[in-house]
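> Structure file protein.pdb, PDB, C-alpha atoms, pLDDT in the B column, is pasted below:
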ATOM      1  CA  MET L   1       2.190  72.429-126.543  1.00 51.00           C
ATOM      2  CA  LYS L   2       5.306  70.456-125.579  1.00 48.00           C
ATOM      3  CA  THR L   3       7.064  71.604-128.785  1.00 47.00           C
ATOM      4  CA  TYR L   4       6.282  75.240-127.963  1.00 49.00           C
ATOM      5  CA  LEU L   5       7.658  74.790-124.446  1.00 49.00           C
ATOM      6  CA  LEU L   6      10.827  73.268-125.868  1.00 47.00           C
ATOM      7  CA  TYR L   7      11.384  76.164-128.283  1.00 49.00           C
ATOM      8  CA  ALA L   8      10.782  78.709-125.514  1.00 49.00           C
ATOM      9  CA  PHE L   9      13.168  76.822-123.260  1.00 49.00           C
ATOM     10  CA  LEU L  10      15.924  76.786-125.896  1.00 46.00           C
ATOM     11  CA  LEU L  11      15.452  80.496-126.540  1.00 50.00           C
ATOM     12  CA  LEU L  12      15.838  81.332-122.872  1.00 49.00           C
ATOM     13  CA  LEU L  13      18.892  79.101-122.605  1.00 49.00           C
ATOM     14  CA  CYS L  14      20.510  81.057-125.417  1.00 46.00           C
ATOM     15  CA  LEU L  15      19.623  84.409-123.824  1.00 47.00           C
ATOM     16  CA  ASN L  16      20.998  83.295-120.488  1.00 48.00           C
ATOM     17  CA  ALA L  17      24.220  82.018-122.057  1.00 44.00           C
ATOM     18  CA  GLU L  18      24.624  85.302-123.944  1.00 43.00           C
ATOM     19  CA  ALA L  19      24.254  87.302-120.720  1.00 42.00           C
ATOM     20  CA  LYS L  20      26.899  85.170-119.016  1.00 42.00           C
ATOM     21  CA  GLY L  21      29.177  85.567-122.022  1.00 41.00           C
ATOM     22  CA  LYS L  22      29.093  89.334-121.543  1.00 38.00           C
ATOM     23  CA  HIS L  23      30.688  88.926-118.086  1.00 35.00           C
ATOM     24  CA  TYR L  24      27.582  89.945-116.225  1.00 32.00           C
ATOM     25  CA  LYS L  25      29.213  90.749-112.851  1.00 35.00           C
ATOM     26  CA  SER L  26      26.040  91.450-110.901  1.00 33.00           C
ATOM     27  CA  SER L  27      24.320  88.679-108.969  1.00 44.00           C
ATOM     28  CA  ASN L  28      21.061  89.804-110.570  1.00 48.00           C
ATOM     29  CA  THR L  29      19.164  87.421-112.827  1.00 57.00           C
ATOM     30  CA  LEU L  30      15.985  87.602-114.870  1.00 62.00           C
ATOM     31  CA  LEU L  31      14.221  86.338-111.739  1.00 75.00           C
ATOM     32  CA  THR L  32      15.683  88.857-109.278  1.00 71.00           C
ATOM     33  CA  PRO L  33      12.981  90.523-107.111  1.00 65.00           C
ATOM     34  CA  ASN L  34      12.209  94.079-108.105  1.00 75.00           C
ATOM     35  CA  HIS L  35       9.496  96.718-107.877  1.00 81.00           C
ATOM     36  CA  GLY L  36       8.257  95.927-111.371  1.00 85.00           C
ATOM     37  CA  SER L  37       7.717  92.289-110.470  1.00 85.00           C
ATOM     38  CA  LEU L  38       5.503  93.267-107.529  1.00 87.00           C
ATOM     39  CA  LEU L  39       3.515  95.598-109.759  1.00 91.00           C
ATOM     40  CA  LEU L  40       3.103  92.865-112.386  1.00 92.00           C
ATOM     41  CA  GLN L  41       1.836  90.361-109.819  1.00 92.00           C
ATOM     42  CA  ASN L  42      -0.796  92.820-108.663  1.00 91.00           C
ATOM     43  CA  GLN L  43      -1.797  93.656-112.234  1.00 93.00           C
ATOM     44  CA  LYS L  44      -2.338  89.972-112.895  1.00 94.00           C
ATOM     45  CA  ILE L  45      -4.294  89.641-109.648  1.00 94.00           C
ATOM     46  CA  ASP L  46      -6.669  92.319-110.934  1.00 93.00           C
ATOM     47  CA  GLN L  47      -6.823  90.803-114.437  1.00 93.00           C
ATOM     48  CA  ASN L  48      -7.528  87.342-113.025  1.00 92.00           C
ATOM     49  CA  GLY L  49     -10.227  88.746-110.729  1.00 94.00           C
ATOM     50  CA  LEU L  50      -8.601  87.340-107.589  1.00 94.00           C
ATOM     51  CA  GLY L  51      -9.774  88.423-104.160  1.00 91.00           C
ATOM     52  CA  ARG L  52      -7.555  88.954-101.151  1.00 93.00           C
ATOM     53  CA  ILE L  53      -8.023  86.943 -97.977  1.00 93.00           C
ATOM     54  CA  GLY L  54      -8.279  89.154 -94.922  1.00 90.00           C
ATOM     55  CA  ASP L  55      -8.117  86.739 -92.023  1.00 91.00           C
ATOM     56  CA  GLU L  56      -8.172  83.111 -90.870  1.00 92.00           C
ATOM     57  CA  ARG L  57     -11.977  83.004 -90.768  1.00 94.00           C
ATOM     58  CA  ARG L  58     -12.216  83.954 -94.427  1.00 95.00           C
ATOM     59  CA  LEU L  59      -9.463  81.460 -95.241  1.00 95.00           C
ATOM     60  CA  SER L  60     -11.423  78.658 -93.546  1.00 96.00           C
ATOM     61  CA  ARG L  61     -14.555  79.490 -95.545  1.00 97.00           C
ATOM     62  CA  LEU L  62     -12.644  79.388 -98.827  1.00 97.00           C
ATOM     63  CA  VAL L  63     -11.218  75.981 -97.909  1.00 97.00           C
ATOM     64  CA  GLU L  64     -14.686  74.690 -96.991  1.00 97.00           C
ATOM     65  CA  ASP L  65     -16.293  75.822-100.253  1.00 97.00           C
ATOM     66  CA  GLY L  66     -13.430  74.463-102.399  1.00 97.00           C
ATOM     67  CA  THR L  67     -12.090  77.805-103.617  1.00 97.00           C
ATOM     68  CA  LEU L  68      -8.773  76.815-102.059  1.00 98.00           C
ATOM     69  CA  VAL L  69      -7.411  73.274-102.243  1.00 98.00           C
ATOM     70  CA  ALA L  70      -4.801  71.448-100.216  1.00 98.00           C
ATOM     71  CA  LEU L  71      -1.202  71.404-101.348  1.00 98.00           C
ATOM     72  CA  PRO L  72      -0.179  68.047-102.818  1.00 95.00           C
ATOM     73  CA  ASN L  73       1.988  65.864-100.615  1.00 91.00           C
ATOM     74  CA  THR L  74       3.574  63.285-102.918  1.00 95.00           C
ATOM     75  CA  ASP L  75       6.960  61.838-103.805  1.00 97.00           C
ATOM     76  CA  ALA L  76       7.518  64.979-105.907  1.00 98.00           C
ATOM     77  CA  VAL L  77       6.191  67.580-103.449  1.00 98.00           C
ATOM     78  CA  LYS L  78       7.224  67.999 -99.825  1.00 97.00           C
ATOM     79  CA  ILE L  79       5.651  70.494 -97.426  1.00 98.00           C
ATOM     80  CA  ALA L  80       7.924  72.241 -94.933  1.00 97.00           C
ATOM     81  CA  PRO L  81       7.099  71.046 -91.393  1.00 97.00           C
ATOM     82  CA  SER L  82       7.160  74.686 -90.240  1.00 95.00           C
ATOM     83  CA  LEU L  83       4.228  75.625 -92.516  1.00 96.00           C
ATOM     84  CA  PRO L  84       1.064  75.738 -90.356  1.00 96.00           C
ATOM     85  CA  SER L  85      -1.568  73.188 -91.384  1.00 96.00           C
ATOM     86  CA  ASN L  86      -4.229  75.871 -91.914  1.00 94.00           C
ATOM     87  CA  ARG L  87      -2.015  77.639 -94.461  1.00 95.00           C
ATOM     88  CA  ARG L  88      -1.250  74.615 -96.643  1.00 98.00           C
ATOM     89  CA  TYR L  89      -3.755  75.681 -99.284  1.00 98.00           C
ATOM     90  CA  VAL L  90      -3.657  77.314-102.719  1.00 98.00           C
ATOM     91  CA  LEU L  91      -5.899  78.044-105.680  1.00 98.00           C
ATOM     92  CA  PRO L  92      -6.520  75.000-107.939  1.00 97.00           C
ATOM     93  CA  VAL L  93      -4.459  76.473-110.801  1.00 97.00           C
ATOM     94  CA  THR L  94      -1.492  76.927-108.450  1.00 98.00           C
ATOM     95  CA  ARG L  95      -1.767  73.300-107.370  1.00 97.00           C
ATOM     96  CA  VAL L  96      -1.791  72.207-111.031  1.00 97.00           C
ATOM     97  CA  PHE L  97       1.290  74.325-111.769  1.00 97.00           C
ATOM     98  CA  LEU L  98       3.134  72.997-108.717  1.00 98.00           C
ATOM     99  CA  LEU L  99       2.411  69.381-109.615  1.00 97.00           C
ATOM    100  CA  ALA L 100       3.573  69.869-113.215  1.00 96.00           C
ATOM    101  CA  LEU L 101       6.814  71.573-112.136  1.00 97.00           C
ATOM    102  CA  ALA L 102       7.503  69.111-109.314  1.00 98.00           C
ATOM    103  CA  GLN L 103       6.949  66.070-111.524  1.00 97.00           C
ATOM    104  CA  GLN L 104       9.459  67.440-114.032  1.00 97.00           C
ATOM    105  CA  TYR L 105      11.949  68.124-111.235  1.00 98.00           C
ATOM    106  CA  TYR L 106      11.434  64.664-109.738  1.00 98.00           C
ATOM    107  CA  ALA L 107      11.951  63.021-113.136  1.00 98.00           C
ATOM    108  CA  GLU L 108      15.256  64.882-113.455  1.00 97.00           C
ATOM    109  CA  PHE L 109      16.667  64.533-109.930  1.00 98.00           C
ATOM    110  CA  HIS L 110      14.494  61.944-108.104  1.00 98.00           C
ATOM    111  CA  LEU L 111      13.974  64.494-105.340  1.00 98.00           C
ATOM    112  CA  PRO L 112      10.915  66.508-104.264  1.00 98.00           C
ATOM    113  CA  LEU L 113      10.414  70.255-104.355  1.00 98.00           C
ATOM    114  CA  GLN L 114       9.682  71.679-100.913  1.00 98.00           C
ATOM    115  CA  VAL L 115       6.909  74.230-100.374  1.00 98.00           C
ATOM    116  CA  ASP L 116       7.893  76.675 -97.622  1.00 97.00           C
ATOM    117  CA  SER L 117       4.864  78.959 -97.858  1.00 96.00           C
ATOM    118  CA  ALA L 118       1.486  79.115 -99.566  1.00 97.00           C
ATOM    119  CA  VAL L 119      -1.660  81.126 -98.789  1.00 95.00           C
ATOM    120  CA  ARG L 120      -1.079  83.890 -96.270  1.00 91.00           C
ATOM    121  CA  PRO L 121      -4.027  85.999 -95.073  1.00 90.00           C
ATOM    122  CA  ARG L 122      -3.631  89.747 -94.805  1.00 86.00           C
ATOM    123  CA  ASP L 123      -3.468  89.749 -91.003  1.00 82.00           C
ATOM    124  CA  VAL L 124      -0.639  87.178 -91.087  1.00 76.00           C
ATOM    125  CA  GLN L 125       1.211  89.236 -93.704  1.00 75.00           C
ATOM    126  CA  ASP L 126       0.822  92.285 -91.479  1.00 64.00           C
ATOM    127  CA  LYS L 127       2.425  90.440 -88.545  1.00 70.00           C
ATOM    128  CA  LEU L 128       5.227  89.236 -90.826  1.00 63.00           C
ATOM    129  CA  ARG L 129       5.995  92.827 -91.798  1.00 57.00           C
ATOM    130  CA  HIS L 130       6.687  93.689 -88.163  1.00 56.00           C
ATOM    131  CA  HIS L 131       9.823  91.526 -88.047  1.00 65.00           C
ATOM    132  CA  ASN L 132      10.676  91.212 -91.754  1.00 59.00           C
ATOM    133  CA  LYS L 133      10.993  94.634 -93.344  1.00 55.00           C
ATOM    134  CA  SER L 134      11.661  93.116 -96.775  1.00 60.00           C
ATOM    135  CA  ALA L 135       8.235  91.414 -96.813  1.00 64.00           C
ATOM    136  CA  ALA L 136       5.748  92.846 -99.318  1.00 68.00           C
ATOM    137  CA  PRO L 137       3.189  95.389 -98.098  1.00 63.00           C
ATOM    138  CA  VAL L 138      -0.305  94.411 -96.996  1.00 59.00           C
ATOM    139  CA  TYR L 139      -2.024  97.014 -99.175  1.00 69.00           C
ATOM    140  CA  GLY L 140      -1.336  98.947-102.357  1.00 75.00           C
ATOM    141  CA  PRO L 141      -0.009  98.234-105.858  1.00 81.00           C
ATOM    142  CA  THR L 142       2.879  96.121-104.516  1.00 77.00           C
ATOM    143  CA  ALA L 143       0.912  94.141-101.915  1.00 81.00           C
ATOM    144  CA  SER L 144       1.774  90.502-101.261  1.00 85.00           C
ATOM    145  CA  SER L 145       0.278  88.033-103.720  1.00 91.00           C
ATOM    146  CA  HIS L 146       0.246  85.368-100.979  1.00 93.00           C
ATOM    147  CA  GLU L 147      -3.029  86.958 -99.823  1.00 92.00           C
ATOM    148  CA  THR L 148      -4.791  85.553-102.908  1.00 95.00           C
ATOM    149  CA  GLY L 149      -3.805  81.891-102.606  1.00 96.00           C
ATOM    150  CA  ALA L 150      -2.127  82.059-106.018  1.00 97.00           C
ATOM    151  CA  THR L 151       1.444  82.073-104.692  1.00 97.00           C
ATOM    152  CA  ILE L 152       3.872  79.512-103.312  1.00 98.00           C
ATOM    153  CA  ASP L 153       7.431  79.770-102.043  1.00 97.00           C
ATOM    154  CA  LEU L 154       9.707  76.873-102.984  1.00 98.00           C
ATOM    155  CA  SER L 155      12.809  76.169-100.929  1.00 97.00           C
ATOM    156  CA  ARG L 156      16.196  76.919-102.507  1.00 95.00           C
ATOM    157  CA  HIS L 157      17.866  74.272-100.389  1.00 95.00           C
ATOM    158  CA  MET L 158      19.398  72.516-103.403  1.00 96.00           C
ATOM    159  CA  ASN L 159      22.717  72.236-105.195  1.00 96.00           C
ATOM    160  CA  LYS L 160      23.920  74.407-108.075  1.00 95.00           C
ATOM    161  CA  LYS L 161      22.802  72.022-110.820  1.00 97.00           C
ATOM    162  CA  GLN L 162      19.327  71.701-109.344  1.00 97.00           C
ATOM    163  CA  THR L 163      19.055  75.454-108.866  1.00 95.00           C
ATOM    164  CA  GLN L 164      20.071  76.167-112.467  1.00 95.00           C
ATOM    165  CA  TRP L 165      17.618  73.595-113.792  1.00 97.00           C
ATOM    166  CA  LEU L 166      14.786  75.133-111.788  1.00 96.00           C
ATOM    167  CA  GLU L 167      15.769  78.660-112.822  1.00 95.00           C
ATOM    168  CA  GLN L 168      15.630  77.698-116.503  1.00 95.00           C
ATOM    169  CA  GLN L 169      12.279  75.947-116.169  1.00 96.00           C
ATOM    170  CA  LEU L 170      10.778  78.880-114.296  1.00 96.00           C
ATOM    171  CA  LEU L 171      12.097  81.248-116.964  1.00 94.00           C
ATOM    172  CA  VAL L 172      10.157  79.244-119.552  1.00 95.00           C
ATOM    173  CA  TYR L 173       6.957  79.467-117.538  1.00 95.00           C
ATOM    174  CA  THR L 174       7.570  83.177-116.989  1.00 94.00           C
ATOM    175  CA  TYR L 175       8.060  83.693-120.722  1.00 93.00           C
ATOM    176  CA  LEU L 176       4.796  81.857-121.434  1.00 94.00           C
ATOM    177  CA  GLY L 177       2.917  84.074-118.973  1.00 93.00           C
ATOM    178  CA  TYR L 178       2.058  81.244-116.591  1.00 96.00           C
ATOM    179  CA  ALA L 179       3.906  82.721-113.625  1.00 96.00           C
ATOM    180  CA  VAL L 180       5.719  85.689-112.150  1.00 95.00           C
ATOM    181  CA  VAL L 181       8.802  84.485-110.302  1.00 95.00           C
ATOM    182  CA  GLU L 182      11.166  86.130-107.831  1.00 93.00           C
ATOM    183  CA  GLU L 183      14.349  84.296-106.896  1.00 92.00           C
ATOM    184  CA  GLU L 184      14.933  85.296-103.309  1.00 90.00           C
ATOM    185  CA  ARG L 185      17.772  84.351-100.985  1.00 87.00           C
ATOM    186  CA  HIS L 186      16.053  81.318 -99.470  1.00 91.00           C
ATOM    187  CA  CYS L 187      13.210  80.578-101.852  1.00 94.00           C
ATOM    188  CA  PHE L 188      11.623  80.901-105.269  1.00 96.00           C
ATOM    189  CA  HIS L 189       8.521  83.083-104.838  1.00 95.00           C
ATOM    190  CA  ILE L 190       6.076  82.002-107.561  1.00 97.00           C
ATOM    191  CA  PHE L 191       2.806  83.737-108.401  1.00 97.00           C
ATOM    192  CA  VAL L 192       0.768  81.489-110.705  1.00 97.00           C
ATOM    193  CA  SER L 193      -1.556  83.092-113.264  1.00 95.00           C
ATOM    194  CA  THR L 194      -4.813  81.577-114.523  1.00 93.00           C
ATOM    195  CA  GLU L 195      -3.103  80.971-117.894  1.00 93.00           C
ATOM    196  CA  ALA L 196      -1.309  78.037-116.263  1.00 92.00           C
ATOM    197  CA  ALA L 197      -4.599  76.111-116.230  1.00 91.00           C
ATOM    198  CA  CYS L 198      -3.631  74.761-119.662  1.00 91.00           C
ATOM    199  CA  LEU L 199      -1.068  72.547-117.906  1.00 86.00           C
ATOM    200  CA  MET L 200      -3.985  70.323-116.918  1.00 75.00           C
ATOM    201  CA  ASN L 201      -4.161  69.096-120.534  1.00 63.00           C
TER     202      ASN L 201
END
Kindly return the structure encoded in the file as structure tokens.


Amino acid sequence: MKTYLLYAFLLLLCLNAEAKGKHYKSSNTLLTPNHGSLLLQNQKIDQNGLGRIGDERRLSRLVEDGTLVALPNTDAVKIAPSLPSNRRYVLPVTRVFLLALAQQYYAEFHLPLQVDSAVRPRDVQDKLRHHNKSAAPVYGPTASSHETGATIDLSRHMNKKQTQWLEQQLLVYTYLGYAVVEEERHCFHIFVSTEAACLMN
């Protein structure tokens, strides 16, 4: 498994270097948010059989029955103080993915990754749309994946070297089908697919 990850990583490094060598003047990257990415997240939501969380009451029930688990809070993972305590939950596979990525990042930089957002019920997403027009819709084929508990937003408050390292690692996981990633202005929006469960091994 580690050998396969290494080969995929080297391949993506080469592709990225080739794109830069062609004087790619746009700020776009392979992780730039786009309509297709939103569609893909929702396709994977359907394929993975994930339900959407409508409100805080439903969210509480899913926490109580163990469907959603608490975000880790370790040397490698920091939770943004602004994230409400009742929304610091994700699906187990997302927690596994986050821990694996954060441990790699911590080993490289001796700093934690910060989670800015996690599960977001539909009614919260609807309120967000009222003052953030770029937020994903509540319904439809491009609806927000935060409503499933599969998605986290990681802060981009890091230097250029750290950002490039994280971009490359996320490209590997994207290539392997473990995640769908959008590199936004202030965060990395990461939808984690059930395929990432293999990171437990």

> For Gly49 (chain L), which of L:Ala179, L:Leu99, L:Ala150, L:Cys198 is the closest residue, counting only C-alpha atoms?

L:Ala150

> One decimal, Å: what's the distance from CA of Glu56 (chain L) over to CA of Gly149 (chain L), could you say?

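For CA of Glu56 (chain L) relative to CA of Gly149 (chain L), the distance reads 12.6 Å.
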
> Kindly indicate which residue among L:Thr148, L:Gln103, L:Pro121, L:Val180 lies nearest to Thr67 (chain L), using all atoms listed in the file for the distances.

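So, comparing all the options, the nearest one is L:Thr148.
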
> Interatomic distance between CA of Ala196 (chain L) and CA of Gly54 (chain L)?

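Straight-line distance from CA of Ala196 (chain L) to CA of Gly54 (chain L) works out to 25.1 Å.
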
> Within 12 Å of (19.5, 72.9, -111.5) in the file's own coordinates, which protein, DNA or RNA residues have an atom, counting all atoms listed in the file? List them as a PDB file with C-alpha atoms, in the coordinates of the input.


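Result file is part27.pdb:
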ATOM      1  CA  GLN L 104       9.459  67.440-114.032  1.00 97.00           C
ATOM      2  CA  TYR L 105      11.949  68.124-111.235  1.00 98.00           C
ATOM      3  CA  TYR L 106      11.434  64.664-109.738  1.00 98.00           C
ATOM      4  CA  GLU L 108      15.256  64.882-113.455  1.00 97.00           C
ATOM      5  CA  PHE L 109      16.667  64.533-109.930  1.00 98.00           C
ATOM      6  CA  LEU L 111      13.974  64.494-105.340  1.00 98.00           C
ATOM      7  CA  LEU L 113      10.414  70.255-104.355  1.00 98.00           C
ATOM      8  CA  ARG L 156      16.196  76.919-102.507  1.00 95.00           C
ATOM      9  CA  HIS L 157      17.866  74.272-100.389  1.00 95.00           C
ATOM     10  CA  MET L 158      19.398  72.516-103.403  1.00 96.00           C
ATOM     11  CA  ASN L 159      22.717  72.236-105.195  1.00 96.00           C
ATOM     12  CA  LYS L 160      23.920  74.407-108.075  1.00 95.00           C
ATOM     13  CA  LYS L 161      22.802  72.022-110.820  1.00 97.00           C
ATOM     14  CA  GLN L 162      19.327  71.701-109.344  1.00 97.00           C
ATOM     15  CA  THR L 163      19.055  75.454-108.866  1.00 95.00           C
ATOM     16  CA  GLN L 164      20.071  76.167-112.467  1.00 95.00           C
ATOM     17  CA  TRP L 165      17.618  73.595-113.792  1.00 97.00           C
ATOM     18  CA  LEU L 166      14.786  75.133-111.788  1.00 96.00           C
ATOM     19  CA  GLU L 167      15.769  78.660-112.822  1.00 95.00           C
ATOM     20  CA  GLN L 168      15.630  77.698-116.503  1.00 95.00           C
ATOM     21  CA  GLN L 169      12.279  75.947-116.169  1.00 96.00           C
ATOM     22  CA  LEU L 170      10.778  78.880-114.296  1.00 96.00           C
TER      23      LEU L 170
END

> What is the CA of Ala100 (chain L)-CA of Leu40 (chain L) distance in Å, reported with one decimal?

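The value is 23.0 Å.
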
> Tell me which of L:Glu195, L:Gly51, L:Ser155, L:Thr74 sits closest to Val93 (chain L), counting all atoms listed in the file.

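That would be L:Glu195, the residue with the smallest distance to Val93 (chain L).
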
> Identify the residues within 9 Å of coordinate (-0.8, 89.8, -106.5) (same frame as the file), considering all atoms listed in the file, and give the answer as a ChimeraX atom specification.

/L:38-46,50,52,141-148,150-151,191

> Run the PyMOL selection byres ((chain L and resi 86) around 12) against the file shown and list the residues it catches, as number ranges by chain.

L: 55-64, 68-71, 82-85, 87-90, 117-121, 124

> Here is a test: counting all atoms listed in the file, which residue of L:Thr194, L:Gln125, L:Asn34, L:Gln47 is nearest to Leu91 (chain L)?

L:Thr194
